file final.txt (compact mmCIF, C-alpha atoms)
# COMPACT_ATOMS: atom_id res chain seq x y z
CA MET A 1 -22.23 -11.14 13.29
CA ARG A 2 -18.93 -9.42 14.02
CA MET A 3 -16.11 -11.75 12.96
CA SER A 4 -13.50 -12.58 15.55
CA ARG A 5 -9.83 -11.89 15.11
CA ARG A 6 -9.10 -15.63 14.97
CA GLN A 7 -11.79 -16.27 12.36
CA LEU A 8 -10.53 -13.48 10.15
CA LEU A 9 -6.87 -14.32 10.33
CA GLY A 10 -6.89 -18.08 10.71
CA GLY A 11 -4.20 -19.44 8.40
CA LEU A 12 -3.02 -15.97 7.34
CA ALA A 13 0.31 -14.29 7.80
CA ALA A 14 -1.15 -11.91 10.32
CA THR A 15 0.06 -8.39 9.78
CA GLY A 16 -2.67 -6.55 11.59
CA ALA A 17 -5.27 -6.53 8.84
CA ALA A 18 -8.68 -7.07 10.38
CA VAL A 19 -9.75 -8.43 6.98
CA THR A 20 -9.17 -7.56 3.33
CA LEU A 21 -11.43 -8.37 0.43
CA THR A 22 -9.19 -11.28 -0.50
CA SER A 23 -7.57 -12.40 2.75
CA VAL A 24 -10.32 -14.70 3.96
CA ALA A 25 -10.39 -16.48 0.61
CA ILE A 26 -6.65 -17.10 0.98
CA ALA A 27 -7.10 -18.24 4.57
CA ASN A 28 -9.69 -20.76 3.41
CA GLY A 29 -7.31 -22.24 0.88
CA GLY A 30 -8.47 -20.02 -1.97
CA GLU A 31 -11.89 -21.72 -2.26
CA ASP A 32 -14.36 -19.52 -4.13
CA THR A 33 -18.00 -20.24 -3.35
CA SER A 34 -19.40 -17.24 -5.20
CA ARG A 35 -21.03 -17.81 -8.56
CA SER A 36 -21.11 -15.75 -11.73
CA ARG A 37 -24.25 -14.10 -13.11
CA ALA A 38 -24.52 -16.75 -15.79
CA GLU A 39 -24.24 -19.58 -13.25
CA ARG A 40 -27.04 -18.08 -11.18
CA GLY A 41 -29.19 -17.27 -14.18
CA ARG A 42 -29.27 -13.61 -13.20
CA PRO A 43 -30.20 -11.18 -15.99
CA ASP A 44 -27.27 -9.31 -17.45
CA THR A 45 -27.17 -5.93 -15.69
CA GLU A 46 -24.55 -3.24 -15.63
CA PRO A 47 -21.87 -3.97 -12.99
CA VAL A 48 -20.94 -1.33 -10.43
CA ARG A 49 -17.94 0.81 -11.32
CA LEU A 50 -16.44 2.54 -8.33
CA GLU A 51 -14.99 6.04 -8.30
CA LEU A 52 -11.97 7.24 -6.37
CA PRO A 53 -11.55 10.78 -5.00
CA ARG A 54 -10.02 13.20 -7.46
CA PRO A 55 -6.47 14.33 -6.62
CA THR A 56 -6.20 17.88 -5.29
CA GLY A 57 -2.77 18.88 -6.66
CA PRO A 58 -2.09 21.20 -9.61
CA HIS A 59 -0.82 18.50 -11.98
CA PRO A 60 -2.66 15.95 -14.10
CA VAL A 61 -1.39 12.42 -13.44
CA GLY A 62 0.15 9.86 -15.76
CA VAL A 63 1.02 6.23 -15.16
CA THR A 64 3.04 3.49 -16.79
CA GLU A 65 3.96 -0.09 -15.87
CA LEU A 66 7.42 -1.61 -15.65
CA HIS A 67 8.20 -5.31 -15.87
CA LEU A 68 11.50 -5.71 -14.04
CA VAL A 69 13.70 -8.81 -13.79
CA ASP A 70 16.43 -9.10 -11.16
CA ARG A 71 19.01 -11.38 -12.77
CA THR A 72 21.11 -11.47 -9.61
CA ARG A 73 18.39 -13.20 -7.58
CA ARG A 74 16.13 -16.24 -7.83
CA GLN A 75 12.52 -16.50 -6.75
CA PRO A 76 12.17 -17.38 -3.03
CA GLY A 77 12.27 -21.05 -2.16
CA TRP A 78 8.71 -20.98 -0.83
CA SER A 79 7.37 -19.63 -4.15
CA GLY A 80 7.51 -22.98 -5.95
CA ALA A 81 8.92 -21.16 -8.98
CA GLY A 82 12.11 -23.20 -9.17
CA LYS A 83 15.26 -21.33 -10.17
CA GLN A 84 13.57 -18.57 -12.15
CA PHE A 85 14.95 -15.06 -11.79
CA ARG A 86 12.98 -12.76 -9.51
CA GLU A 87 10.59 -10.64 -11.57
CA LEU A 88 8.38 -7.76 -10.49
CA MET A 89 5.62 -5.51 -11.75
CA ALA A 90 5.79 -1.86 -10.77
CA GLY A 91 3.58 1.12 -11.50
CA VAL A 92 5.13 4.56 -12.01
CA TRP A 93 2.78 7.50 -11.36
CA TYR A 94 3.94 11.01 -12.21
CA PRO A 95 2.86 14.59 -12.93
CA ALA A 96 1.74 14.60 -16.56
CA ALA A 97 1.55 17.13 -19.36
CA ARG A 98 -1.84 18.74 -19.85
CA ASP A 99 -2.10 18.10 -23.56
CA GLY A 100 -2.38 14.72 -25.26
CA ASP A 101 -5.10 12.10 -25.56
CA ALA A 102 -3.72 9.22 -23.51
CA PRO A 103 -6.50 6.93 -22.24
CA ALA A 104 -7.66 6.82 -18.63
CA ALA A 105 -5.83 4.13 -16.67
CA PRO A 106 -7.92 1.22 -15.29
CA TYR A 107 -7.80 0.45 -11.59
CA MET A 108 -6.57 -3.10 -12.20
CA ALA A 109 -5.31 -5.11 -15.15
CA PRO A 110 -8.15 -7.33 -16.47
CA ARG A 111 -6.93 -10.81 -15.52
CA ALA A 112 -5.64 -9.74 -12.11
CA ALA A 113 -8.99 -8.01 -11.59
CA ALA A 114 -10.80 -11.26 -12.33
CA VAL A 115 -8.82 -13.10 -9.64
CA PHE A 116 -9.24 -10.25 -7.16
CA GLY A 117 -12.94 -9.95 -7.98
CA ALA A 118 -13.59 -13.63 -7.30
CA GLY A 119 -12.06 -13.32 -3.83
CA ALA A 120 -13.88 -10.06 -3.16
CA ALA A 121 -17.21 -11.55 -4.19
CA LYS A 122 -16.78 -14.32 -1.64
CA ILE A 123 -16.11 -11.89 1.19
CA LEU A 124 -18.78 -9.39 0.16
CA LYS A 125 -21.36 -12.17 -0.46
CA LEU A 126 -21.94 -10.84 -3.95
CA GLU A 127 -21.83 -12.38 -7.38
CA ARG A 128 -18.71 -12.36 -9.52
CA GLY A 129 -19.22 -9.51 -11.93
CA ASP A 130 -21.34 -7.35 -9.61
CA ILE A 131 -18.32 -5.03 -9.37
CA ASP A 132 -16.22 -4.23 -12.43
CA TRP A 133 -12.76 -4.00 -10.85
CA ALA A 134 -11.01 -3.58 -14.21
CA GLY A 135 -13.67 -1.37 -15.76
CA PHE A 136 -13.51 1.62 -13.46
CA THR A 137 -10.74 4.08 -14.06
CA THR A 138 -8.28 6.07 -12.00
CA HIS A 139 -7.57 9.79 -12.24
CA ALA A 140 -4.49 9.06 -14.33
CA ARG A 141 -3.74 8.61 -18.05
CA THR A 142 -1.76 5.62 -19.29
CA GLY A 143 1.53 6.60 -20.93
CA ALA A 144 0.92 10.35 -20.90
CA ASP A 145 3.95 12.59 -21.41
CA VAL A 146 5.59 13.82 -18.22
CA ALA A 147 4.87 17.42 -17.24
CA PRO A 148 7.52 19.67 -18.77
CA GLY A 149 10.11 21.32 -16.59
CA ARG A 150 13.83 21.41 -15.95
CA THR A 151 13.63 20.47 -12.28
CA ARG A 152 13.85 16.81 -11.35
CA ARG A 153 11.15 15.50 -9.04
CA PRO A 154 11.42 13.55 -5.77
CA VAL A 155 10.63 9.84 -5.93
CA VAL A 156 8.38 8.09 -3.41
CA LEU A 157 8.09 4.29 -3.20
CA HIS A 158 4.86 2.67 -2.05
CA ALA A 159 4.53 -0.82 -0.51
CA PRO A 160 1.05 -2.33 0.04
CA GLY A 161 -0.04 -4.58 2.88
CA MET A 162 0.47 -8.34 2.84
CA TYR A 163 -1.38 -10.05 -0.02
CA ASN A 164 -2.59 -6.66 -1.27
CA GLU A 165 -2.16 -5.49 -4.84
CA ARG A 166 -0.06 -2.40 -5.47
CA THR A 167 -3.20 -0.59 -6.70
CA LEU A 168 -4.91 -0.63 -3.29
CA ASP A 169 -3.73 2.84 -2.31
CA THR A 170 -4.22 4.58 -5.63
CA THR A 171 -6.02 7.36 -3.74
CA ALA A 172 -2.81 8.39 -1.94
CA VAL A 173 -0.52 7.61 -4.88
CA THR A 174 -2.37 9.85 -7.35
CA GLU A 175 -2.55 12.60 -4.74
CA LEU A 176 1.23 12.64 -4.36
CA ALA A 177 1.75 12.53 -8.13
CA SER A 178 -0.63 15.45 -8.58
CA HIS A 179 1.60 17.45 -6.21
CA GLY A 180 4.70 16.81 -8.27
CA TYR A 181 6.11 13.49 -7.00
CA VAL A 182 7.02 10.42 -9.02
CA VAL A 183 5.52 7.48 -7.11
CA VAL A 184 6.65 3.90 -7.72
CA THR A 185 4.29 1.19 -6.51
CA VAL A 186 5.56 -2.39 -6.29
CA ASP A 187 3.78 -5.76 -6.25
CA ALA A 188 5.22 -8.81 -4.47
CA PRO A 189 4.69 -11.82 -6.78
CA TYR A 190 3.83 -15.14 -5.10
CA GLU A 191 2.63 -13.19 -2.06
CA THR A 192 0.29 -10.61 -3.62
CA HIS A 193 -3.17 -11.97 -4.35
CA ALA A 194 -2.88 -11.39 -8.11
CA VAL A 195 0.00 -9.99 -10.17
CA GLU A 196 -0.54 -9.72 -13.92
CA PHE A 197 2.53 -9.77 -16.16
CA PRO A 198 2.79 -8.76 -19.83
CA GLY A 199 0.93 -11.23 -22.01
CA GLY A 200 -1.75 -11.82 -19.38
CA ARG A 201 0.08 -14.28 -17.15
CA VAL A 202 -1.22 -14.01 -13.57
CA VAL A 203 0.78 -15.10 -10.51
CA GLU A 204 -1.18 -15.87 -7.34
CA PRO A 205 0.02 -16.51 -3.75
CA ALA A 206 2.30 -19.52 -3.31
CA PRO A 207 1.00 -22.20 -0.92
CA GLY A 208 4.56 -22.50 0.38
CA LEU A 209 4.35 -19.11 2.05
CA GLY A 210 1.14 -19.90 3.89
CA ALA A 211 2.61 -23.20 5.08
CA ILE A 212 5.44 -21.52 7.00
CA GLU A 213 4.88 -21.70 10.74
CA PRO A 214 4.75 -19.95 13.11
CA VAL A 215 3.28 -16.70 11.80
CA SER A 216 6.35 -14.73 12.87
CA ARG A 217 8.56 -16.85 10.56
CA ARG A 218 6.04 -16.45 7.74
CA ASN A 219 6.02 -12.68 8.11
CA LYS A 220 9.81 -12.60 8.21
CA ALA A 221 10.03 -14.70 5.04
CA ALA A 222 7.69 -12.34 3.20
CA LEU A 223 9.39 -9.25 4.60
CA ASP A 224 12.89 -10.38 3.62
CA VAL A 225 11.76 -10.77 0.01
CA ARG A 226 10.02 -7.38 0.09
CA ILE A 227 13.21 -5.66 1.31
CA ALA A 228 15.29 -7.22 -1.47
CA ASP A 229 12.63 -6.18 -4.01
CA ILE A 230 12.67 -2.58 -2.75
CA ARG A 231 16.44 -2.30 -2.95
CA PHE A 232 16.40 -3.71 -6.48
CA VAL A 233 13.75 -1.17 -7.50
CA LEU A 234 15.89 1.59 -5.98
CA ASP A 235 18.76 0.41 -8.19
CA ARG A 236 16.51 0.61 -11.24
CA VAL A 237 15.31 4.09 -10.30
CA GLU A 238 18.90 5.28 -10.04
CA ALA A 239 19.80 3.66 -13.36
CA LEU A 240 16.77 5.18 -15.08
CA ALA A 241 17.60 8.62 -13.68
CA ARG A 242 21.07 8.26 -15.25
CA GLY A 243 19.46 7.54 -18.61
CA ARG A 244 19.82 3.76 -18.62
CA THR A 245 16.60 2.17 -19.86
CA PRO A 246 15.51 -1.22 -18.46
CA LYS A 247 16.70 -4.32 -20.32
CA GLU A 248 13.14 -5.56 -20.58
CA PRO A 249 11.31 -3.84 -23.46
CA HIS A 250 9.38 -0.79 -22.33
CA SER A 251 7.92 2.21 -24.05
CA LEU A 252 8.63 4.83 -21.38
CA PRO A 253 6.59 8.01 -21.25
CA ARG A 254 8.38 10.96 -22.76
CA GLY A 255 10.43 12.81 -20.15
CA LEU A 256 10.21 10.19 -17.39
CA ALA A 257 13.93 9.49 -16.95
CA ALA A 258 14.80 13.19 -16.89
CA ALA A 259 12.14 13.81 -14.23
CA LEU A 260 13.59 11.45 -11.59
CA ASP A 261 15.62 12.84 -8.71
CA ALA A 262 17.32 9.78 -7.23
CA SER A 263 18.90 11.91 -4.50
CA ARG A 264 15.49 12.62 -2.94
CA ILE A 265 13.73 9.33 -2.26
CA GLY A 266 11.00 8.66 0.28
CA MET A 267 8.78 5.67 0.99
CA PHE A 268 5.46 4.82 2.60
CA GLY A 269 3.59 1.59 3.18
CA HIS A 270 0.60 0.03 4.86
CA SER A 271 0.77 -2.92 7.29
CA LEU A 272 3.54 -5.24 6.01
CA GLY A 273 4.41 -2.39 3.64
CA GLY A 274 4.94 -0.13 6.65
CA MET A 275 7.22 -2.75 8.19
CA ALA A 276 9.10 -2.94 4.88
CA THR A 277 9.43 0.85 4.80
CA ALA A 278 11.06 0.95 8.23
CA GLU A 279 13.40 -1.98 7.59
CA ALA A 280 14.38 -0.73 4.13
CA MET A 281 15.31 2.62 5.66
CA ARG A 282 17.52 0.86 8.19
CA LEU A 283 19.34 -1.04 5.47
CA ASP A 284 19.42 1.53 2.68
CA ARG A 285 20.25 5.17 3.28
CA ARG A 286 18.97 6.14 -0.14
CA ILE A 287 15.54 6.34 1.49
CA ARG A 288 15.59 9.71 3.23
CA ALA A 289 12.16 9.68 4.87
CA GLY A 290 9.43 7.11 5.51
CA VAL A 291 5.85 6.60 6.67
CA ASN A 292 4.39 3.55 8.39
CA LEU A 293 0.61 3.27 8.04
CA ASP A 294 -0.55 1.03 10.90
CA GLY A 295 2.12 -1.63 10.40
CA PRO A 296 3.52 -3.56 13.39
CA LEU A 297 7.25 -3.39 14.02
CA GLY A 298 7.49 -6.94 15.30
CA TYR A 299 7.33 -10.13 13.27
CA ASP A 300 4.22 -11.31 15.11
CA TRP A 301 1.14 -9.12 15.25
CA ALA A 302 0.55 -10.26 18.83
CA ASP A 303 2.72 -7.36 19.97
CA PRO A 304 4.89 -7.80 22.05
CA GLY A 305 6.86 -10.33 20.07
CA GLU A 306 10.18 -10.53 18.30
CA LEU A 307 11.05 -6.98 17.28
CA LEU A 308 12.21 -5.99 13.83
CA PRO A 309 15.86 -4.95 13.82
CA VAL A 310 14.81 -1.38 13.03
CA ALA A 311 12.72 -1.22 16.22
CA ARG A 312 15.83 -2.10 18.21
CA THR A 313 18.14 0.34 16.43
CA GLY A 314 15.72 3.15 15.58
CA LEU A 315 16.24 5.58 12.69
CA ASP A 316 18.18 8.81 12.37
CA ARG A 317 15.99 10.08 9.51
CA PRO A 318 12.40 11.37 9.48
CA PHE A 319 9.77 8.74 10.19
CA LEU A 320 6.01 9.19 10.56
CA GLN A 321 3.70 6.60 12.12
CA MET A 322 -0.08 6.71 11.66
CA GLY A 323 -2.12 4.13 13.54
CA ALA A 324 -5.60 2.92 14.41
CA TRP A 325 -6.06 -0.04 16.76
CA LEU A 326 -3.84 -2.88 17.96
CA THR A 327 -6.33 -5.75 18.11
CA THR A 328 -5.64 -9.34 19.14
CA ASP A 329 -7.92 -12.16 20.31
CA ASP A 330 -7.96 -10.91 23.88
CA SER A 331 -7.19 -7.19 23.77
CA ARG A 332 -7.75 -3.97 21.88
CA ARG A 333 -5.40 -1.03 22.38
CA PRO A 334 -4.63 2.16 20.49
CA HIS A 335 -1.87 1.49 17.96
CA THR A 336 0.54 4.13 19.23
CA HIS A 337 3.99 4.16 20.77
CA ARG A 338 2.35 4.44 24.19
CA HIS A 339 0.52 1.13 23.80
CA SER A 340 2.53 -0.95 21.31
CA PRO A 341 5.83 -2.38 22.59
CA SER A 342 7.34 -2.48 19.08
CA TRP A 343 6.33 1.09 18.27
CA ARG A 344 7.58 2.17 21.72
CA ALA A 345 11.00 0.63 21.03
CA MET A 346 11.17 2.37 17.67
CA TRP A 347 10.15 5.69 19.23
CA ARG A 348 12.71 5.50 22.02
CA ASN A 349 15.57 4.38 19.78
CA SER A 350 15.02 6.84 16.93
CA THR A 351 16.99 10.08 16.92
CA GLY A 352 15.52 11.55 13.73
CA TRP A 353 12.39 13.67 13.28
CA LYS A 354 9.33 11.65 14.32
CA ARG A 355 5.59 11.94 14.82
CA ASP A 356 2.95 9.47 15.99
CA LEU A 357 -0.60 10.20 14.77
CA TRP A 358 -3.63 8.22 15.94
CA THR A 359 -7.21 8.08 14.69
CA GLU A 360 -9.59 6.53 17.21
CA ALA A 361 -12.51 5.94 14.84
CA ALA A 362 -10.37 4.31 12.13
CA GLU A 363 -9.44 0.67 11.56
CA HIS A 364 -6.53 -1.04 9.86
CA ASN A 365 -7.84 -0.71 6.30
CA SER A 366 -8.78 2.94 6.71
CA PHE A 367 -5.24 3.54 5.40
CA THR A 368 -6.09 2.05 1.98
CA ASP A 369 -8.57 2.57 -0.84
CA TYR A 370 -11.06 0.45 1.10
CA GLN A 371 -11.78 3.62 3.10
CA THR A 372 -13.41 5.14 0.01
CA MET A 373 -14.64 1.96 -1.71
CA LEU A 374 -16.58 0.25 1.05
CA PRO A 375 -18.96 3.12 1.87
CA GLY A 376 -19.89 3.27 -1.83
CA LEU A 377 -20.48 -0.47 -1.95
CA ASP A 378 -22.48 -0.29 1.28
CA GLU A 379 -24.86 2.13 -0.44
CA ARG A 380 -25.41 -0.22 -3.38
CA PHE A 381 -25.41 -3.67 -1.76
CA THR A 382 -26.26 -5.36 1.51
CA LEU A 383 -22.82 -6.32 2.78
CA PRO A 384 -22.15 -8.88 5.53
CA ASP A 385 -22.91 -7.54 8.98
CA GLY A 386 -19.86 -6.04 10.65
CA LEU A 387 -17.54 -6.26 7.64
CA THR A 388 -17.36 -2.53 6.94
CA ALA A 389 -16.87 -1.68 10.62
CA ASN A 390 -14.12 -4.30 10.93
CA MET A 391 -12.28 -2.95 7.94
CA ILE A 392 -12.63 0.83 8.13
CA GLY A 393 -14.31 1.63 11.46
CA GLY A 394 -16.66 4.55 11.87
CA VAL A 395 -14.48 7.46 10.77
CA ASP A 396 -15.98 9.84 8.21
CA PRO A 397 -14.65 8.44 4.90
CA ARG A 398 -14.22 11.70 3.01
CA ARG A 399 -12.78 13.61 5.92
CA PHE A 400 -10.27 10.95 6.90
CA THR A 401 -9.21 10.32 3.31
CA ALA A 402 -8.55 14.04 2.98
CA SER A 403 -6.59 14.01 6.25
CA ARG A 404 -4.49 11.00 5.34
CA ARG A 405 -3.58 12.48 1.98
CA ALA A 406 -2.80 15.84 3.57
CA TYR A 407 -0.42 14.39 6.18
CA LEU A 408 1.35 12.16 3.64
CA THR A 409 1.87 15.04 1.22
CA ALA A 410 2.96 17.43 3.98
CA PHE A 411 5.47 14.86 5.27
CA PHE A 412 7.22 14.53 1.93
CA GLU A 413 7.00 18.28 1.30
CA GLN A 414 8.85 18.87 4.54
CA HIS A 415 11.44 16.13 4.28
CA LEU A 416 12.11 15.80 0.54
CA HIS A 417 11.62 19.46 -0.40
CA GLY A 418 12.72 21.03 2.89
CA ARG A 419 9.55 23.12 3.22
CA HIS A 420 8.38 23.41 6.82
CA GLN A 421 4.78 22.26 7.24
CA ARG A 422 2.71 23.80 10.00
CA LEU A 423 0.47 20.75 9.85
CA PHE A 424 3.02 18.91 12.02
CA ASP A 425 3.25 21.62 14.65
CA GLY A 426 0.19 20.25 16.44
CA PRO A 427 -3.48 19.25 16.09
CA SER A 428 -5.44 20.86 13.27
CA SER A 429 -9.11 21.87 13.29
CA ARG A 430 -9.22 20.83 9.63
CA HIS A 431 -8.34 17.28 10.61
CA PRO A 432 -10.25 16.63 13.86
CA ASP A 433 -9.96 12.82 13.64
CA VAL A 434 -6.16 12.87 13.85
CA ARG A 435 -4.51 13.07 17.30
CA PHE A 436 -0.86 13.74 18.06
CA ILE A 437 0.63 11.24 20.52
CA ASP A 438 3.60 12.62 22.47

call {"tool": "encode", "arguments": {"input": "final.txt", "output": "structure tokens"}}
result
Amino acid sequence: MRMSRRQLLGGLAATGAAVTLTSVAIANGGEDTSRSRAERGRPDTEPVRLELPRPTGPHPVGVTELHLVDRTRRQPGWSGAGKQFRELMAGVWYPAARDGDAPAAPYMAPRAAAVFGAGAAKILKLERGDIDWAGFTTHARTGADVAPGRTRRPVVLHAPGMYNERTLDTTAVTELASHGYVVVTVDAPYETHAVEFPGGRVVEPAPGLGAIEPVSRRNKAALDVRIADIRFVLDRVEALARGRTPKEPHSLPRGLAAALDASRIGMFGHSLGGMATAEAMRLDRRIRAGVNLDGPLGYDWADPGELLPVARTGLDRPFLQMGAWLTTDDSRRPHTHRHSPSWRAMWRNSTGWKRDLWTEAAEHNSFTDYQTMLPGLDERFTLPDGLTANMIGGVDPRRFTASRRAYLTAFFEQHLHGRHQRLFDGPSSRHPDVRFID
């Protein structure tokens, strides 16, 4: 049975996600009806370990984690965390040296993976432990030395969709790092489904956020915190580039600080992360170029609604929008500036370089790692009817993943390096799923 929009998003802060592998569990109050192998008496068999596409750039990839504490800010009131300082977990992905024996980086930290896996099992109608979310690795090495070189490298921030972990676009992140970018991915504690801090402490979504009504106020509350987080991370990037190490203890990869070019910063994000990208650009000119992956530009997904300030003002710097479908309970329209009032306002009010790319056969989560994960899971398990189509549509997974990575990389090549990219001159036969919307 194909799930309705209302069923999928009931109780959620609707940001356009048809469904994620954890969102329905959150919408149902976090109840987990899946059972472990031991509880079901199932023989111990090897769990599935997924594999992500290998990056295509010339550099190996390294990654490290940063635990950052903003001592100028408290946790949001809806978090239930009292007067604690705001703390974040960030991943830093970078071009790495070819030598060395640093271990392959896992997709998720183990305790966060356990929380994520329980929610995913409920949605996929599988058993906890059928998929080893912490046991499969990325195409990156933990703590590897940074690739040698005297030239500093552009920095790109990544913001995931609402409730999503920062790892859920590792496919795009490692691709950019393999082409010479330092990519900083940021979790949003008390909103993100599972954030694991040093020592194994896991922070899950705060009930206070889900209790905010209406949805537009809930989205605004989450977005405001995201924007403050991003600007704090930008401060830390600048400080690190100047040689100032974080106050929290970190063993930074050799050469990382010297590799950061804080004068060339870009950003991209999916869904709420795309909204955060646009709004952060409006408020902070350190971000020179941005990409919105299927995120609305109004506080309520039922576009039209209250517009984000950036949709009313527009941007004077490069901004790329890539969309799929604008789906509500009673309508389904292409998510482009021709059909979305919020995207139309942004398009009309922006004076900087802009492009609007649409993929008809895609869905909201085609712009995440789900585009590569779900087809693999579909081959191994019998998934709920309609779930894969709801999440990633019918677009060819390999071809669209290659296209999405190509357009993201070309965008930052053009606007952070100043290298003209013919890919944006018009439609490409190499990327037949992607249409240019004038």

call {"tool": "atom_distance", "arguments": {"input": "final.txt", "atom1": "CA of Val69 (chain A)", "atom2": "CA of Glu87 (chain A)"}}
result
4.2 Å

call {"tool": "closest_residue", "arguments": {"input": "final.txt", "among": "A:Leu68, A:Ala280, A:Ala81, A:Leu423", "to": "Leu223 (chain A)", "atoms": "only C-alpha atoms"}}
result
A:Ala280

call {"tool": "residues_around", "arguments": {"input": "final.txt", "residues": "Pro106 (chain A)", "least_positions_apart": "3", "cutoff": "6 Å", "atoms": "only C-alpha atoms", "output": "list in words"}}
result
Ala134, Phe136, Thr137 and Thr138 of chain A

call {"tool": "residues_around", "arguments": {"input": "final.txt", "residues": "region 394-402 of chain A", "least_positions_apart": "2", "cutoff": "9 Å", "atoms": "all atoms listed in the file", "output": "ChimeraX atom specification"}}
result
/A:53,171-172,359-363,366-369,371-372,375,388-389,392,404-407,430-434

call {"tool": "atom_distance", "arguments": {"input": "final.txt", "atom1": "CA of Pro55 (chain A)", "atom2": "CA of Phe436 (chain A)"}}
result
25.3 Å

call {"tool": "closest_residue", "arguments": {"input": "final.txt", "among": "A:Asp101, A:Glu238, A:Asp438, A:Asp300", "to": "Gly143 (chain A)", "atoms": "all atoms listed in the file"}}
result
A:Asp101

call {"tool": "build_atoms", "arguments": {"input": "final.txt", "residues": "region 222-233 of chain A", "atoms": "N, CA and C atoms", "output": "CSV table (one decimal), keeping the file's coordinate frame"}}
result
chain,number,residue,atom,x,y,z
A,222,ALA,N,8.3,-13.3,4.2
A,222,ALA,CA,7.7,-12.3,3.2
A,222,ALA,C,8.4,-11.0,3.2
A,223,LEU,N,8.7,-10.5,4.5
A,223,LEU,CA,9.4,-9.2,4.6
A,223,LEU,C,10.8,-9.2,4.0
A,224,ASP,N,11.5,-10.3,4.2
A,224,ASP,CA,12.9,-10.4,3.6
A,224,ASP,C,12.9,-10.2,2.1
A,225,VAL,N,11.9,-10.9,1.5
A,225,VAL,CA,11.8,-10.8,0.0
A,225,VAL,C,11.4,-9.4,-0.4
A,226,ARG,N,10.4,-8.8,0.4
A,226,ARG,CA,10.0,-7.4,0.1
A,226,ARG,C,11.2,-6.4,0.1
A,227,ILE,N,12.1,-6.6,1.2
A,227,ILE,CA,13.2,-5.7,1.3
A,227,ILE,C,14.1,-5.8,0.1
A,228,ALA,N,14.4,-7.0,-0.3
A,228,ALA,CA,15.3,-7.2,-1.5
A,228,ALA,C,14.6,-6.6,-2.7
A,229,ASP,N,13.3,-6.8,-2.9
A,229,ASP,CA,12.6,-6.2,-4.0
A,229,ASP,C,12.8,-4.7,-4.0
A,230,ILE,N,12.6,-4.0,-2.9
A,230,ILE,CA,12.7,-2.6,-2.8
A,230,ILE,C,14.1,-2.1,-3.1
A,231,ARG,N,15.1,-2.7,-2.7
A,231,ARG,CA,16.4,-2.3,-3.0
A,231,ARG,C,16.8,-2.5,-4.4
A,232,PHE,N,16.2,-3.5,-5.0
A,232,PHE,CA,16.4,-3.7,-6.5
A,232,PHE,C,15.7,-2.6,-7.2
A,233,VAL,N,14.5,-2.3,-6.8
A,233,VAL,CA,13.8,-1.2,-7.5
A,233,VAL,C,14.5,0.2,-7.3
